[in-house]
Each structure stands twice: as C-alpha cells, then as structure tokens.
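Next up, run-v7.txt (compact mmCIF, C-alpha atoms and all ligand atoms):
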# COMPACT_ATOMS: atom_id res chain seq x y z
CA MET A 186 61.10 59.85 18.53
CA PRO A 187 60.22 56.26 17.58
CA PHE A 188 62.27 53.58 19.26
CA ASP A 189 64.81 52.17 16.78
CA LEU A 190 64.78 48.38 16.89
CA ASP A 191 67.36 47.89 14.14
CA ASN A 192 70.43 48.23 16.31
CA VAL A 193 69.48 46.01 19.21
CA LEU A 194 69.07 42.28 19.64
CA VAL A 195 65.29 41.92 19.69
CA VAL A 196 64.13 38.75 21.40
CA ALA A 197 60.49 37.73 21.16
CA ILE A 198 59.27 35.32 23.78
CA SER A 199 55.96 33.68 24.55
CA SER A 200 54.73 34.04 28.10
CA SER A 201 54.79 30.25 28.56
CA ALA A 202 58.48 30.14 27.57
CA LEU A 203 59.33 32.90 30.04
CA PHE A 204 57.12 31.60 32.83
CA ASP A 205 56.12 28.14 33.95
CA ALA A 206 52.49 28.05 32.83
CA ARG A 207 52.03 24.29 32.52
CA GLU A 208 49.18 24.25 35.02
CA GLU A 209 47.40 27.01 33.10
CA ASP A 210 48.02 25.32 29.74
CA ARG A 211 46.30 22.24 31.05
CA ILE A 212 43.27 24.24 32.17
CA PHE A 213 43.09 25.66 28.65
CA ARG A 214 43.31 22.21 27.04
CA GLU A 215 40.89 20.48 29.40
CA GLN A 216 38.38 23.19 30.23
CA GLY A 217 38.56 25.60 27.29
CA GLN A 218 39.42 29.23 26.74
CA ARG A 219 36.73 30.80 28.96
CA ALA A 220 37.77 28.77 32.02
CA PHE A 221 41.41 29.56 31.26
CA ILE A 222 40.80 33.33 31.04
CA ASP A 223 38.72 33.30 34.21
CA TYR A 224 41.47 31.40 36.01
CA GLN A 225 44.11 33.89 34.86
CA ILE A 226 42.01 36.86 35.95
CA ALA A 227 41.29 35.25 39.32
CA ASN A 228 45.04 34.68 39.77
CA GLU A 229 46.09 37.97 38.22
CA ASP A 230 48.05 39.08 41.26
CA ARG A 231 49.78 35.72 41.79
CA PRO A 232 53.09 35.79 39.88
CA PHE A 233 53.96 32.82 37.70
CA LYS A 234 56.92 30.68 38.63
CA LYS A 235 60.01 31.25 36.51
CA GLY A 236 59.98 29.25 33.28
CA THR A 237 62.60 27.56 31.11
CA ALA A 238 63.81 30.68 29.29
CA PHE A 239 63.62 33.01 32.29
CA PRO A 240 67.35 32.76 33.20
CA LEU A 241 68.36 33.53 29.59
CA ILE A 242 66.09 36.58 29.40
CA GLU A 243 67.25 37.86 32.77
CA GLY A 244 70.87 37.36 31.70
CA LEU A 245 70.36 39.11 28.35
CA LEU A 246 68.61 42.08 29.97
CA ARG A 247 71.44 42.38 32.49
CA LEU A 248 73.71 43.28 29.56
CA ASN A 249 71.73 46.51 29.18
CA THR A 250 72.69 47.55 32.67
CA LEU A 251 76.38 46.77 32.04
CA SER A 252 76.46 48.61 28.73
CA LYS A 253 76.14 52.33 28.14
CA LYS A 254 73.67 51.72 25.32
CA GLN A 255 70.74 49.36 24.96
CA LEU A 256 71.88 46.04 23.54
CA VAL A 257 68.79 43.90 24.04
CA GLU A 258 65.07 44.42 23.74
CA VAL A 259 62.68 41.68 24.84
CA VAL A 260 59.10 41.60 23.60
CA ILE A 261 56.43 39.25 24.91
CA LEU A 262 54.66 37.90 21.83
CA SER A 263 51.76 35.83 22.99
CA HIS A 264 48.77 33.94 21.65
CA ASN A 265 46.99 34.74 24.90
CA HIS A 266 43.88 36.84 25.12
CA PRO A 267 44.98 40.18 26.67
CA GLU A 268 42.78 39.46 29.70
CA ALA A 269 44.81 36.33 30.39
CA GLY A 270 48.07 37.99 29.32
CA LEU A 271 47.93 40.61 32.02
CA ARG A 272 49.07 38.05 34.57
CA ALA A 273 52.30 37.66 32.60
CA MET A 274 52.84 41.43 32.62
CA ASN A 275 52.24 41.50 36.36
CA SER A 276 54.78 38.71 36.75
CA VAL A 277 57.29 40.69 34.67
CA GLU A 278 56.90 43.51 37.13
CA HIS A 279 57.08 41.20 40.12
CA TYR A 280 60.47 39.89 38.97
CA ARG A 281 61.57 43.41 37.97
CA LEU A 282 62.51 42.34 34.45
CA GLY A 283 63.44 45.34 32.32
CA LEU A 284 60.87 44.46 29.71
CA SER A 285 58.13 46.79 28.59
CA ARG A 286 56.71 45.68 25.26
CA ALA A 287 54.07 43.06 24.64
CA ALA A 288 51.70 41.95 21.92
CA PHE A 289 48.73 39.62 22.33
CA VAL A 290 47.84 38.26 18.91
CA GLY A 291 45.22 35.61 19.60
CA SER A 292 45.37 32.80 17.05
CA THR A 293 47.32 34.77 14.42
CA PRO A 294 50.70 33.15 13.69
CA VAL A 295 53.35 35.25 15.41
CA ALA A 296 55.62 34.93 12.33
CA ARG A 297 53.66 37.80 10.79
CA TYR A 298 54.90 40.17 13.48
CA LEU A 299 58.55 39.15 13.57
CA PRO A 300 59.69 41.53 10.77
CA PRO A 301 58.05 44.73 12.12
CA TYR A 302 59.52 44.07 15.55
CA ARG A 303 62.91 43.25 13.92
CA VAL A 304 62.98 40.02 15.92
CA LYS A 305 66.28 38.18 15.77
CA LEU A 306 65.51 35.41 18.25
CA LEU A 307 62.16 33.77 19.02
CA LEU A 308 61.62 31.50 22.03
CA SER A 309 58.28 29.76 22.19
CA ARG A 310 56.39 26.65 23.23
CA ASN A 311 54.48 26.74 19.94
CA GLU A 312 56.07 24.43 17.38
CA ALA A 313 54.41 26.02 14.34
CA ASP A 314 55.65 29.47 15.36
CA VAL A 315 59.19 28.17 15.80
CA ARG A 316 59.17 26.41 12.41
CA GLN A 317 57.76 29.46 10.63
CA ALA A 318 60.31 31.76 12.25
CA LEU A 319 63.16 29.51 11.16
CA ALA A 320 61.71 29.33 7.65
CA GLY A 321 61.82 33.13 7.68
CA ARG A 322 65.49 33.03 8.70
CA VAL A 323 64.91 34.10 12.29
CA ALA A 324 66.74 32.11 14.97
CA ALA A 325 64.12 30.26 16.98
CA GLY A 326 63.92 27.60 19.66
CA LEU A 327 61.09 25.41 20.89
CA ILE A 328 61.26 25.57 24.65
CA TYR A 329 61.16 22.33 26.65
CA ASP A 330 59.66 22.01 30.12
CA PRO A 331 61.83 23.60 32.81
CA PRO A 332 64.75 21.49 34.12
CA ALA A 333 64.83 20.23 37.69
CA GLN A 334 66.73 23.37 38.62
CA LEU A 335 67.03 26.62 36.68
CA CYS A 336 70.50 28.11 36.23
CA ALA A 337 71.11 30.54 39.07
CA GLU A 338 74.38 32.04 37.81
CA SER A 339 73.79 35.78 37.86
CA ASN A 340 77.22 37.23 37.06
CA GLN A 341 77.73 35.65 33.64
CA LEU A 342 75.33 34.68 30.88
CA ARG A 343 76.24 31.19 29.71
CA ILE A 344 74.90 29.83 26.42
CA ALA A 345 75.61 26.41 24.90
CA PHE A 346 75.06 25.58 21.25
CA ASP A 347 75.08 22.45 19.20
CA GLY A 348 76.99 22.87 15.92
CA ASP A 349 75.36 21.33 12.86
CA ALA A 350 71.95 22.75 11.94
CA VAL A 351 72.23 25.29 14.78
CA ILE A 352 75.33 27.47 14.40
CA PHE A 353 76.31 25.84 11.12
CA SER A 354 74.14 24.96 8.14
CA ASP A 355 72.56 21.50 7.96
CA GLU A 356 74.63 20.49 4.91
CA SER A 357 76.88 18.04 6.75
CA GLU A 358 74.04 16.69 8.88
CA ARG A 359 72.21 15.85 5.65
CA VAL A 360 75.18 13.82 4.44
CA TYR A 361 75.01 11.74 7.61
CA GLN A 362 71.24 11.39 7.66
CA GLN A 363 71.13 10.35 3.98
CA THR A 364 73.94 7.80 4.19
CA LYS A 365 73.58 6.82 7.88
CA SER A 366 77.31 6.21 7.56
CA LEU A 367 79.76 7.85 9.95
CA GLN A 368 82.50 6.92 7.49
CA ALA A 369 80.77 8.81 4.65
CA PHE A 370 80.25 11.78 6.97
CA PHE A 371 83.92 11.83 8.04
CA GLU A 372 85.08 11.59 4.42
CA HIS A 373 82.81 14.45 3.41
CA GLU A 374 84.12 16.60 6.24
CA LYS A 375 87.75 15.74 5.51
CA ALA A 376 87.29 16.57 1.83
CA ASN A 377 85.67 19.91 2.73
CA ALA A 378 87.78 20.76 5.78
CA GLN A 379 89.16 23.91 4.20
CA LYS A 380 85.73 25.07 3.07
CA PRO A 381 83.99 27.04 5.81
CA MET A 382 80.48 25.87 6.55
CA ALA A 383 77.57 28.11 5.70
CA ASP A 384 75.63 29.94 8.40
CA GLY A 385 73.05 28.01 10.36
CA PRO A 386 70.05 29.65 12.03
CA PHE A 387 72.03 30.72 15.13
CA ALA A 388 75.17 32.01 13.37
CA ALA A 389 74.01 35.64 13.54
CA PHE A 390 73.19 35.32 17.26
CA LEU A 391 76.64 33.83 17.91
CA ARG A 392 78.27 36.72 16.01
CA TRP A 393 76.29 39.21 18.07
CA ILE A 394 77.53 37.52 21.26
CA ALA A 395 81.10 37.62 19.95
CA GLN A 396 80.74 41.37 19.34
CA VAL A 397 79.52 41.96 22.88
CA GLN A 398 82.37 39.84 24.24
CA ALA A 399 84.88 41.81 22.20
CA ASP A 400 83.63 45.16 23.53
CA SER A 401 86.01 45.93 26.40
CA SER A 402 83.57 48.50 27.81
CA ILE A 403 81.04 45.75 28.59
CA ARG A 404 82.58 43.97 31.53
CA ASN A 405 81.64 42.77 34.98
CA GLN A 406 83.02 44.73 37.92
CA ASP A 407 85.89 42.26 38.27
CA GLY A 408 86.76 42.77 34.59
CA SER A 409 85.45 39.39 33.43
CA SER A 410 83.27 38.93 30.36
CA PRO A 411 79.53 38.96 31.03
CA ILE A 412 78.93 36.15 28.49
CA ARG A 413 80.49 32.73 28.06
CA THR A 414 79.71 30.34 25.21
CA ALA A 415 80.13 26.62 24.63
CA LEU A 416 79.92 24.43 21.57
CA VAL A 417 78.63 20.99 22.47
CA THR A 418 78.68 18.82 19.37
CA ALA A 419 78.62 15.11 18.63
CA ARG A 420 81.30 15.68 16.00
CA ASN A 421 84.68 14.17 16.72
CA GLY A 422 87.77 12.80 15.00
CA PRO A 423 88.13 13.88 11.39
CA ALA A 424 85.04 16.13 11.63
CA VAL A 425 86.60 18.48 14.19
CA LYS A 426 88.97 20.33 11.91
CA ARG A 427 86.24 21.84 9.75
CA VAL A 428 84.54 23.37 12.79
CA ILE A 429 87.71 25.03 14.00
CA LEU A 430 88.57 26.34 10.54
CA THR A 431 85.02 27.57 9.97
CA LEU A 432 84.96 29.57 13.22
CA ARG A 433 88.40 30.94 12.37
CA ALA A 434 87.14 32.00 8.93
CA TRP A 435 84.13 33.68 10.56
CA GLY A 436 86.37 35.44 13.07
CA VAL A 437 84.29 34.09 15.93
CA ALA A 438 85.71 32.45 19.05
CA ILE A 439 83.71 30.12 21.27
CA ASP A 440 84.96 29.89 24.84
CA GLU A 441 84.59 26.16 25.41
CA GLU A 442 84.30 23.50 22.69
CA PHE A 443 83.30 19.88 23.31
CA PHE A 444 83.69 17.33 20.50
CA LEU A 445 81.94 14.44 22.11
CA GLY A 446 81.62 11.56 19.68
CA GLY A 447 79.27 9.26 21.52
CA ILE A 448 79.56 10.86 24.96
CA ASN A 449 76.31 12.01 26.58
CA LYS A 450 75.81 15.74 26.01
CA ALA A 451 73.54 16.14 29.04
CA GLU A 452 76.21 15.62 31.70
CA ILE A 453 78.71 17.88 29.95
CA LEU A 454 75.98 20.51 29.80
CA GLN A 455 75.19 20.10 33.45
CA ALA A 456 78.85 20.75 34.22
CA PHE A 457 78.96 23.84 31.95
CA ASN A 458 75.75 25.07 33.62
CA PRO A 459 74.28 27.18 30.81
CA HIS A 460 71.30 29.50 31.00
CA ILE A 461 70.14 27.75 27.84
CA PHE A 462 71.22 25.08 25.37
CA PHE A 463 70.15 25.03 21.70
CA ASP A 464 70.14 21.77 19.72
CA ASP A 465 68.30 20.67 16.57
CA GLN A 466 67.94 17.02 17.58
CA ASP A 467 65.44 15.83 20.14
CA VAL A 468 67.67 12.85 20.90
CA HIS A 469 70.21 15.26 22.41
CA ALA A 470 67.93 18.06 23.54
CA ALA A 471 65.35 16.02 25.45
CA PRO A 472 67.80 14.40 27.91
CA ALA A 473 69.60 17.74 28.31
CA SER A 474 66.32 19.50 29.06
CA ARG A 475 65.96 17.61 32.33
CA LEU A 476 69.23 19.07 33.61
CA VAL A 477 69.52 22.50 31.94
CA SER A 478 67.12 24.88 30.18
CA THR A 479 66.92 23.68 26.60
CA ALA A 480 65.37 24.77 23.32
CA ARG A 481 65.04 22.77 20.14
CA VAL A 482 65.88 24.35 16.81
CA MET A 483 63.27 22.83 14.50
CA TYR A 484 65.55 22.94 11.49
CA GLY A 485 67.38 20.54 9.20
CA PRO A 486 66.83 16.88 8.30
CA THR A 487 65.92 15.78 11.83
CA ALA A 488 63.41 18.54 12.52
CA ASP A 489 60.51 16.09 12.35
CA ILE A 490 62.03 13.34 14.49
CA VAL A 491 60.82 13.13 18.06
CA SER A 492 62.56 10.68 20.32
CA THR A 493 60.96 11.57 23.64
CA PRO A 494 58.16 9.48 25.06
CA PRO A 495 54.87 11.39 25.48
CA ALA A 496 54.83 13.59 28.55
CA THR A 497 53.42 11.93 31.61
CA VAL A 498 49.92 13.03 32.50
CA PRO A 499 50.19 15.69 35.18
CA GLY A 500 48.41 15.28 38.50
CA PRO A 501 45.28 17.11 39.62
CA ILE A 502 45.23 20.89 39.50
CA VAL A 503 46.51 22.32 42.75
CA VAL A 504 45.39 25.88 43.24
CA THR A 505 47.50 27.34 45.99
CA ALA A 506 46.42 30.36 47.97
CA ALA A 507 46.96 33.60 46.11
CA GLN A 508 50.17 35.32 47.14
CA PRO A 509 49.68 38.96 48.04
CA TYR A 510 51.23 41.32 45.56
CA GLU A 511 53.82 43.60 47.06
CA GLU A 512 52.01 46.31 48.90
CA SER A 513 54.28 49.03 47.53
CA THR A 514 52.86 48.49 44.05
CA ARG A 515 49.24 48.43 45.09
CA GLY A 516 46.59 50.66 46.49
CA PRO A 517 46.25 54.40 46.81
CA THR A 518 49.13 56.53 47.94
CA LEU A 519 48.70 58.08 51.33
CA ALA A 520 49.80 61.58 50.33
CA PRO A 521 46.91 64.04 50.22
CA LEU A 522 45.48 64.34 46.73
CA ALA A 523 44.98 67.60 44.90
CA PRO A 524 41.26 68.28 44.34
CA VAL A 525 40.01 67.44 40.84
CA THR A 526 37.51 69.50 38.87
CA LYS A 527 34.48 67.86 37.32
CA LYS A 528 35.81 68.50 33.81
CA VAL A 529 39.24 66.94 34.46
CA PHE A 530 37.53 64.03 36.22
CA GLU A 531 35.18 63.29 33.33
CA THR A 532 37.93 63.64 30.71
CA ARG A 533 40.32 61.34 32.52
CA LEU A 534 37.69 58.69 33.25
CA ARG A 535 36.59 58.74 29.62
CA GLU A 536 40.19 58.16 28.53
CA ILE A 537 40.54 55.18 30.84
CA PHE A 538 37.16 53.64 29.99
CA LEU A 539 37.67 54.09 26.23
CA GLY A 540 40.32 51.39 26.49
CA TYR A 541 37.49 48.99 27.26
CA THR A 542 35.05 50.22 24.64
CA PRO A 543 34.89 48.02 21.55
CA LEU A 544 35.97 49.61 18.27
CA HIS A 545 37.10 52.75 20.10
CA ASN A 546 34.38 54.66 18.31
CA GLY A 547 34.22 57.30 20.98
CA VAL A 548 30.94 56.14 22.49
CA LEU A 549 31.41 54.72 25.95
CA ASP A 550 29.75 51.51 27.01
CA ALA A 551 26.63 52.23 29.11
CA ARG A 552 28.15 50.84 32.34
CA TYR A 553 31.02 53.32 32.19
CA ARG A 554 28.76 56.25 31.28
CA LYS A 555 26.67 55.40 34.33
CA PHE A 556 29.75 55.23 36.56
CA ILE A 557 30.84 58.73 35.48
CA ALA A 558 27.30 60.06 35.91
CA ASP A 559 27.06 58.53 39.38
CA THR A 560 30.40 59.86 40.64
CA ARG A 561 31.07 63.24 39.00
CA ASP A 562 29.00 65.17 41.53
CA ARG A 563 30.98 63.98 44.52
CA SER A 564 33.36 66.34 46.29
CA ALA A 565 36.57 67.42 44.54
CA SER A 566 38.71 65.36 46.91
CA GLU A 567 36.54 62.27 46.43
CA ARG A 568 36.82 62.72 42.67
CA ALA A 569 40.59 62.87 43.07
CA ALA A 570 40.60 59.63 45.05
CA ILE A 571 38.34 57.84 42.56
CA MET A 572 40.44 59.05 39.65
CA GLN A 573 43.60 57.87 41.34
CA GLU A 574 42.10 54.44 42.03
CA LEU A 575 40.97 54.10 38.42
CA GLN A 576 44.47 54.79 37.08
CA ARG A 577 45.15 51.18 38.00
CA TYR A 578 42.85 50.10 35.19
CA ASP A 579 44.31 52.36 32.51
CA LEU A 580 45.21 50.15 29.55
CA SER A 581 47.15 52.79 27.66
CA ASN A 582 50.32 51.68 29.40
CA LEU A 583 50.76 48.00 30.18
CA THR A 584 54.26 48.38 31.51
CA THR A 585 53.21 48.79 35.09
CA HIS A 586 51.03 46.57 37.15
CA LYS A 587 47.43 47.25 36.30
CA PRO A 588 44.46 44.97 36.75
CA MET A 589 41.76 45.09 34.09
CA LEU A 590 38.08 45.74 34.00
CA ASN A 591 36.73 42.66 32.30
CA ARG A 592 34.95 43.68 29.12
CA GLU A 593 32.52 40.81 28.99
CA ARG A 594 31.45 40.10 32.53
CA GLU A 595 28.96 42.63 33.95
CA ASP A 596 29.31 41.29 37.49
CA MET A 597 33.11 41.50 37.51
CA VAL A 598 33.13 45.05 36.18
CA ALA A 599 30.51 46.10 38.71
CA ALA A 600 32.47 44.52 41.56
CA LYS A 601 35.72 46.18 40.53
CA LEU A 602 34.10 49.60 40.11
CA ALA A 603 32.45 49.24 43.53
CA ARG A 604 35.89 48.51 44.98
CA VAL A 605 37.22 51.68 43.33
CA ILE A 606 34.62 53.74 45.16
CA ALA A 607 35.19 51.88 48.42
CA LYS A 608 38.95 52.43 48.29
CA ALA A 609 38.52 56.03 47.24
CA ALA A 610 36.14 56.54 50.15
CA GLY A 611 38.78 55.19 52.53
CA ALA A 612 41.47 57.38 50.97
CA SER A 613 39.42 60.57 51.16
CA GLN A 614 38.15 59.78 54.67
CA GLY A 615 34.63 60.19 53.36
CA SER A 616 31.60 58.07 54.11
CA LEU A 617 30.22 57.11 50.76
CA ASP A 618 27.27 55.05 49.79
CA LEU A 619 28.73 51.92 48.19
CA LYS A 620 25.62 50.58 46.55
MG MG B 701 72.93 19.28 15.24
Translate this structure into structure tokens?
Amino acid sequence: MPFDLDNVLVVAISSSALFDAREEDRIFREQGQRAFIDYQIANEDRPFKKGTAFPLIEGLLRLNTLSKKQLVEVVILSHNHPEAGLRAMNSVEHYRLGLSRAAFVGSTPVARYLPPYRVKLLLSRNEADVRQALAGRVAAGLIYDPPAQLCAESNQLRIAFDGDAVIFSDESERVYQQTKSLQAFFEHEKANAQKPMADGPFAAFLRWIAQVQADSSIRNQDGSSPIRTALVTARNGPAVKRVILTLRAWGVAIDEEFFLGGINKAEILQAFNPHIFFDDQDVHAAPASRLVSTARVMYGPTADIVSTPPATVPGPIVVTAAQPYEESTRGPTLAPLAPVTKKVFETRLREIFLGYTPLHNGVLDARYRKFIADTRDRSASERAAIMQELQRYDLSNLTTHKPMLNREREDMVAAKLARVIAKAAGASQGSLDLK
C-alpha cells in the first residue's frame, strides 16, 4: 500500500541544514563540483557533524516514538549529486535518525517537489528554495550557521517563533515599515485589536503543534508535554492585546510569550533554549543565530533586508583522519552463507549493477558484465560471499548504509570490485586470485 503523506507533518530538509557541511560547501565553491563529489566519496564513511536544524529534526522524530501513530515524516531534499549525497544518508544512519526518504534533484528548484511530497515545512540553506516555498504557501526557513552550542534538551522539543510575518500575516509589519512610525503602528493595532490577524506562513505549523500538545496520549513518561512553544516578539504596549485576542480566536495557546519592545531577543532565546527559532527579520535572527539554532522566514516587507556583515572567510581546509564507521554496520557477517547457484548469482548481480547502468535500458555496462563473467564460475560458497559483499552497493534501498560504485571513474569501480572479491575470499576461507 502506498505510504499516505497527507496525514503527517512532512518536513523537507536539505542535507546542509541537517548537517554541518560548511567545509564541504567551501570545497564546492572554490574547487568545483568534481572536487566536491570526490571529497564526499573519499569521506563517505566519516559522518558529518550535526548541523543547525539537527536538534529540531531529532526532536520532531522523537514524537513518532511517543505516539502510537506516525506524526512526522522527514525527507532529505537535496541539490547534491547522489554520489555526494550518500554521505548524508550514511550520517543519518550513524546518528540513528528515523528518516528513510531522500531525493537528490541536482539543480532543479526543490519547490517543484514540495506538493507531491505534501511538504508542510522546508528547512534549507538555499535562499531561492526558501522564497519559492513560502510563495507556494509552504512554511520555510533559511537556516543560519550552527550556534556556538546546539540545544541538547532531549526530553522536550522547544520551538520559538516571532509573531508578525511568521505566525501572523505581515499586514501589521507593513504598516510599520511603510510609516516607520511606532505611533502609527500602535494606533493601527489598537484600532484593529478585536480583529484577529490573518495566518502567517507558520500558523499551520503552530496549529499542528497545538494539536499534538492537546493529545493526552502523547506524553513523556513523567506526564509532561513533549513540546513547548514560545512567542518572542518585539511587539509591546498597545500592540500586545491583538496578539492575545488573535491566538484566543484561533484556539491556540503558546506556552511562553515575550513582548519585548526594544529588549534583545537573543538573550531571552538563550534562556528559553529552543531547538530552533523562526524570525522574518535578519536584524533579530542573525544575533539569535549565534546563541540558538535559527532560521529566517524570507517573507514580508523585510524579506530583502540583510543586516549581517558578510561571513568571515573561513580558515584553510582541515581534513581530519577518517573516523571508522561502526563495525557492526560494515563487512560480511560471520555466519556461514548458504551456497548460491549460478543462476541466482547472475540474477542478483544484474539487479545490483543495473542501478549503475545509465538509462536502465537493461544492457549492463561492460565493466559489470565482465565482473559477472569473471566470477560466476567460482564455487557456490564463494558466489554466496561475493553476492553478500555486493549487497552493500545495492542502490534500490538507500535507507541503510551502502557505499556506491562510482559510475564515472573506471579506477574507483575496479578498486571497489577488487575489494569485494578480496573480502569474499576472506569470508569463504578461499584463496582467490585478486587480479
Ligand atoms: Mg516579524
């Protein structure tokens, strides 16, 4: 039965929002795509560090384990080449994130794929993608660099929102931006206090959170709510009433509400300690991003204003030694393998290699045909060991850790296939010619 995406919160995330890939981004910018892909393949087994949106995703996915039904689905939606993207999938497995779906779309705008995936929240480092998503009425945030320390709270998902142009529409923000008069803004809000504000881009997400909070079956072991929300807005004085009456009209409660006037949002946010903070204005979001994970909602009259100085030029590339991948996920199993007939062997290898054959026209690339021809006459137990080793390269299921056979580089394919035979030889206790 097809998986029904309509009834879950589908979050699409780019791999560079989920993981800290700043070093890799710089290789791409400075040395080009080929160098970038080669670097990712060479480091395929070295997990990325956690990125800005990692705590949010981990917290959202935890709700699935607390609930009897699936509440959240996370999809990696990436501009990466699949060869480079595999490192992200390996990292997903390393951190044991309950995330199984991915799409690698190259240079195609991801906005095209938001409707078929039923995406309700997009988190990305790509500004055009975020703007297009918001234009298509999908909540979206442009992810800043990771803060000095990522939120480590694991028992409760904590999300902080700005009000205007995030939860609420940008109508009132426009009044202020057009008049640049706090007095005019206050008068507008007083006059409209009884009129609930229209939905902003994150209103639907906030309502979804409120529903989860209201469900008494979704609770931590100690009975507490697994989500806590905060409103952190620059509104104060006469502009407060309309917020309270709007949320009342919506039937949505926010756990903590801060009406700050001129007070710095960043320190309040640090004290609230959210997994993420959403704000439409760089002037608030940029300082906050140094202390807590932050995303900018590129929406409303200030969407084009950038107040941050250009990022400092990073230092030289430091390539640390590759960390070994956990042994339990690698290598052949030690249990004796059932012998494999020539026919099963050829069929299975063809299936695996077809994943690497352009156009999938049923004709295998010559290098793979040769590999099958060279190995099918080995003993049944050696065939079993080779087949088992090759499962690691099966592209039909990217949800488990699987390295790839590079499609373009003859030498890399040859080296990997030689390793398959070498490992299989070790597993079957045989003495095989490795040439
Ligand atoms: Mg705002």
Handout entry: Contacts with ligand MG 701 (chain B) at most 8 Å, only C-alpha atoms and all ligand atoms counted, listed as an NGL selection string
Key = :A and (347-351 or 355 or 358 or 418-419 or 464-466)
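Using only C-alpha atoms, the shortest contact distance between A:Val477 and any of A:Ala345, A:Met597, A:Ala369, A:Leu522 is found at A:Ala345.
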Exercise for the section: Figure out the distance between atom CA of A:Val491 and atom CA of A:Asp467, please, to one decimal in Å. Expected result: 5.7 Å
Handout entry: Best match for closeness to A:Ile344 among A:Ser292, A:Ser309, A:Asn458, A:Gln363, counting all atoms listed in the file
Key = A:Asn458
Handout entry: Two-atom distance - atom CA of A:Leu203, atom CA of A:Ala238 (Å)
Key =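 Calculated distance between atom CA of A:Leu203 and atom CA of A:Ala238 is 5.1 Å.
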Handout entry: Separation of atom CA of A:Tyr329 from atom CA of A:Arg392, in Å and rounded to one decimal
Key =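 Going from atom CA of A:Tyr329 over to atom CA of A:Arg392, I get 24.8 Å.
Shortest atom-to-atom contact with A:Pro294 among A:Glu278, A:Glu312, A:Glu531, A:Glu574: A:Glu312, counting only C-alpha atoms.
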Problem - Distance query A:Phe221 at most 12 Å, all atoms listed in the file, self and fewer than 6 positions along chain excluded, as a list in words - result: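 The contact residues come out as Ala206, Arg207, Glu208, Glu209, Asp210, Arg211, Ile212, Phe213, Arg214, Glu215, Ala227, Asn228, Glu229, Asn265, His266, Glu268, Ala269, Gly270 and Arg272 of chain A.
Using only C-alpha atoms, the shortest contact distance between A:Gln368 and any of A:Met483, A:Thr293, A:Ala523, A:Asn421 is found at A:Asn421.
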Exercise for the section: Using only C-alpha atoms, find the one residue out of A:Ala451, A:Leu194, A:Ala488, A:Leu476 that sits nearest to A:Leu319. Expected result: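 Closest to A:Leu319 of all the choices is A:Ala488.
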Step by step, gather every atom of stretch 479-485 of chain A that the file lists, find the box along x, y and z that holds them, add 8 Å on each side, and finally give centre and edge lengths in Å to one decimal, as lines of an AutoDock Vina configuration file.
center_x = 65.3
center_y = 22.7
center_z = 17.9
size_x = 20.1
size_y = 20.2
size_z = 33.4
Handout entry: Top pick for closest residue to A:Phe371, considering A:Glu338, A:Arg427, A:Pro386, A:Val417 and counting all atoms listed in the file
Key =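 Of A:Glu338, A:Arg427, A:Pro386, A:Val417, the one nearest A:Phe371 is A:Arg427, counting all atoms listed in the file.
Residues lying within 8 Å of A:Phe556, counting only C-alpha atoms and ignoring same-chain neighbours fewer than 4 positions away, are Arg552, Thr560 and Leu602 of chain A.
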Set the distance at 8 Å and use all atoms listed in the file: which residues neighbour A:Pro411 once local chain neighbours fewer than 4 positions away are removed? I'd like the list as a tab-separated table (two decimals) with C-alpha atoms, in the frame of the given file.
chain	number	residue	atom	x	y	z
A	248	LEU	CA	73.71	43.28	29.56
A	340	ASN	CA	77.22	37.23	37.06
A	341	GLN	CA	77.73	35.65	33.64
A	342	LEU	CA	75.33	34.68	30.88
A	398	GLN	CA	82.37	39.84	24.24
A	403	ILE	CA	81.04	45.75	28.59
A	404	ARG	CA	82.58	43.97	31.53
A	405	ASN	CA	81.64	42.77	34.98
